[in-house]
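J.: The structure under discussion is supplied below as structure tokens; questions concerning it will follow.
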Amino acid sequence: MAGTSRDSWELREESGSLVVEGAEDYGEQLDIKMLLHNEVAGIVPLQLRYVDNQCIYYYLVRGKLSLSGLLEKNKLNYTTAYQLCSDICQCCHQSEKFFLNPDHFLMQPEYIFWNPDVKEFSFCYFPGRQELLGKQMQSLCEYLLTVTDHRDKEGRTFVYGLYDRIREREFYISELDAYLKEYGKERGGGKREGYQSEEMHRGKEDLPPLETDPSKADGAVQTVVETVAGRDSFSSDIRRNSDTRKKLSGKVAATPISKRKKSRKEVFPYYLKNTSKYSYVPERVELDREMLVVGRGLESDVVIPAAQVSWQHARLETGEDGIYLTDLSSVNGVFLNRKRLIKEHPVLCRVGDIVSFADITYLLCTG
């Protein structure tokens, strides 16, 4: 799918994610915070990344099929139309619990996704899209009319009836609820077994293969995909520098360096130089591994023995374009150039940046 401009922002697909660039930073809004810290049923998982002070939105769609892609080879039948509307209702009702604005859902068919694993549709939530849900639903219905299987009388009647209902009055989600309830009573309930096509029933293993080799995949998207999915993107064994640290292995995950074509030191000769007032912290931290965990605990790769530093405070990772810094839900925060980071969201660092773990500051250097 080609990049699509929406006012000042652009939306495109990249390595299993839907990416929005050029938009405002909504990371401090309550609705986005709720999405970042909760897995909401029916909503495509979201993660934010910051590159050069620009907020980039990543929506995890790996293994999912867009509605438009799904209907390229298959006409819309009653089963799918009913389930789509039912899932829209469920999504909107869920959004109320998490303080989300229904007008911020992307209801275009290319941004609605079918998940073959759980047999349901999911939707992208983006505050930069500010169009009334009713108007979006009318446009969606107009699209559904063009892809409906007119040989399926039940499906045809359902879609045309829905379009008439939405077009004739101001749209509220309660209207869609009522229509589904009325239609279900007349026909003995909606069919929930899912779309009867090979595309919808096949699992992720049947989809075209996607790149997962860390040496080939895009660093930013790889992190997004694995973090949002709730999986550790690293193995469970950290290289230890002492017997004590070996006993604590498994608490913090690390990516085996052997999986990289080149060692991190060869590609990223970076280090952190202590610029704080504290003399008892490491004076120089060599960033000569793919991933380093910074914290007060002995299991950390970089141990900072200071009370203001959390047991596992931050993570430093390699990317093709530099070093990524992540706050591991620390108490006193991780700062880049004196700006506090959002927890669990990697940010790209540049040489000359000031990296702070609580009030302990370091300068990112190279050479």
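Identifiers in the structure tokens: chain A, B, ... in order shown; residue index from 1 per chain; ligand index from 1 in order shown.
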Using only C-alpha atoms, determine which residues lie at most 12 Å from Gln308 of chain A, disregarding the query and same-chain residues fewer than 6 positions distant; provide the list as a PyMOL selection string.

T.: chain A and resi 295-296+330-334+356-360

J.: Could the residues in this selection be written to a file with N, CA, C and O atoms, as a compact mmCIF listing (two decimals), in the first residue's frame?

T.:
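The resulting file, again-v3.txt, is shown below:
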```txt
# COMPACT_ATOMS: atom_id res chain seq x y z
N GLY A 295 20.96 -0.60 35.96
CA GLY A 295 20.16 -0.61 37.18
C GLY A 295 20.99 -0.74 38.42
O GLY A 295 22.22 -0.88 38.37
N ARG A 296 20.31 -0.76 39.56
CA ARG A 296 20.99 -0.90 40.84
C ARG A 296 21.24 -2.36 41.19
O ARG A 296 22.15 -2.69 41.96
N SER A 330 11.05 2.78 35.52
CA SER A 330 11.80 3.20 36.70
C SER A 330 10.98 4.18 37.54
O SER A 330 10.06 4.83 37.04
N VAL A 331 11.35 4.30 38.80
CA VAL A 331 10.65 5.20 39.71
C VAL A 331 11.00 6.66 39.45
O VAL A 331 10.14 7.53 39.35
N ASN A 332 12.29 6.93 39.30
CA ASN A 332 12.75 8.31 39.18
C ASN A 332 13.05 8.75 37.75
O ASN A 332 13.52 9.86 37.53
N GLY A 333 12.78 7.89 36.80
CA GLY A 333 12.79 8.31 35.41
C GLY A 333 14.11 8.18 34.68
O GLY A 333 15.20 8.11 35.27
N VAL A 334 13.98 8.13 33.35
CA VAL A 334 15.11 8.19 32.42
C VAL A 334 14.92 9.43 31.57
O VAL A 334 13.80 9.70 31.11
N SER A 356 20.29 10.56 31.19
CA SER A 356 20.25 10.62 32.66
C SER A 356 19.43 9.47 33.21
O SER A 356 18.31 9.20 32.74
N PHE A 357 19.99 8.80 34.22
CA PHE A 357 19.28 7.78 34.98
C PHE A 357 18.98 8.42 36.34
O PHE A 357 19.89 8.58 37.15
N ALA A 358 17.72 8.86 36.53
CA ALA A 358 17.36 9.74 37.65
C ALA A 358 18.18 11.02 37.47
O ALA A 358 18.09 11.66 36.43
N ASP A 359 19.03 11.37 38.46
CA ASP A 359 19.83 12.59 38.32
C ASP A 359 21.29 12.30 38.00
O ASP A 359 22.15 13.18 38.11
N ILE A 360 21.57 11.08 37.59
CA ILE A 360 22.94 10.69 37.25
C ILE A 360 23.10 10.82 35.74
O ILE A 360 22.47 10.07 34.97
```

J.: Select from segment 85-194 of chain A everything DSSP, run on the backbone, classes as alpha helix (DSSP H), then give the selection as a VMD selection string.

T.: chain A and resid 85 to 97 133 to 147 153 to 168 173 to 186

J.: Give me, please, the distance in Å between atom CA of Ala81 of chain A and atom CA of Val40 of chain A, quoted to one decimal.

T.: 22.2 Å

J.: Residues within 9 Å of Tyr280 of chain A, please, as a PyMOL selection string. Count only C-alpha atoms; anything in the same chain fewer than 4 positions from it doesn't count.

T.: chain A and resi 304-306

J.: Identify which of the residues A:Val294, A:Leu46, A:Ala23, A:Val118 lies closest to Leu325 of chain A, counting only C-alpha atoms when measuring atom-to-atom distances.

T.: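 Checking each candidate against Leu325 of chain A, we get A:Val294 as the closest.
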
J.: Have a look at atom CA of Val61 of chain A and atom CA of Leu145 of chain A and let me know their distance in Å, one decimal.

T.: 25.5 Å

J.: Can you pull out the residues contacting Gln29 of chain A? Cut-off 12 Å, using only C-alpha atoms, and skip same-chain residues under 4 positions away; I want them as a PyMOL selection string.

T.: chain A and resi 24-25+33-36+99-101+126-128+342
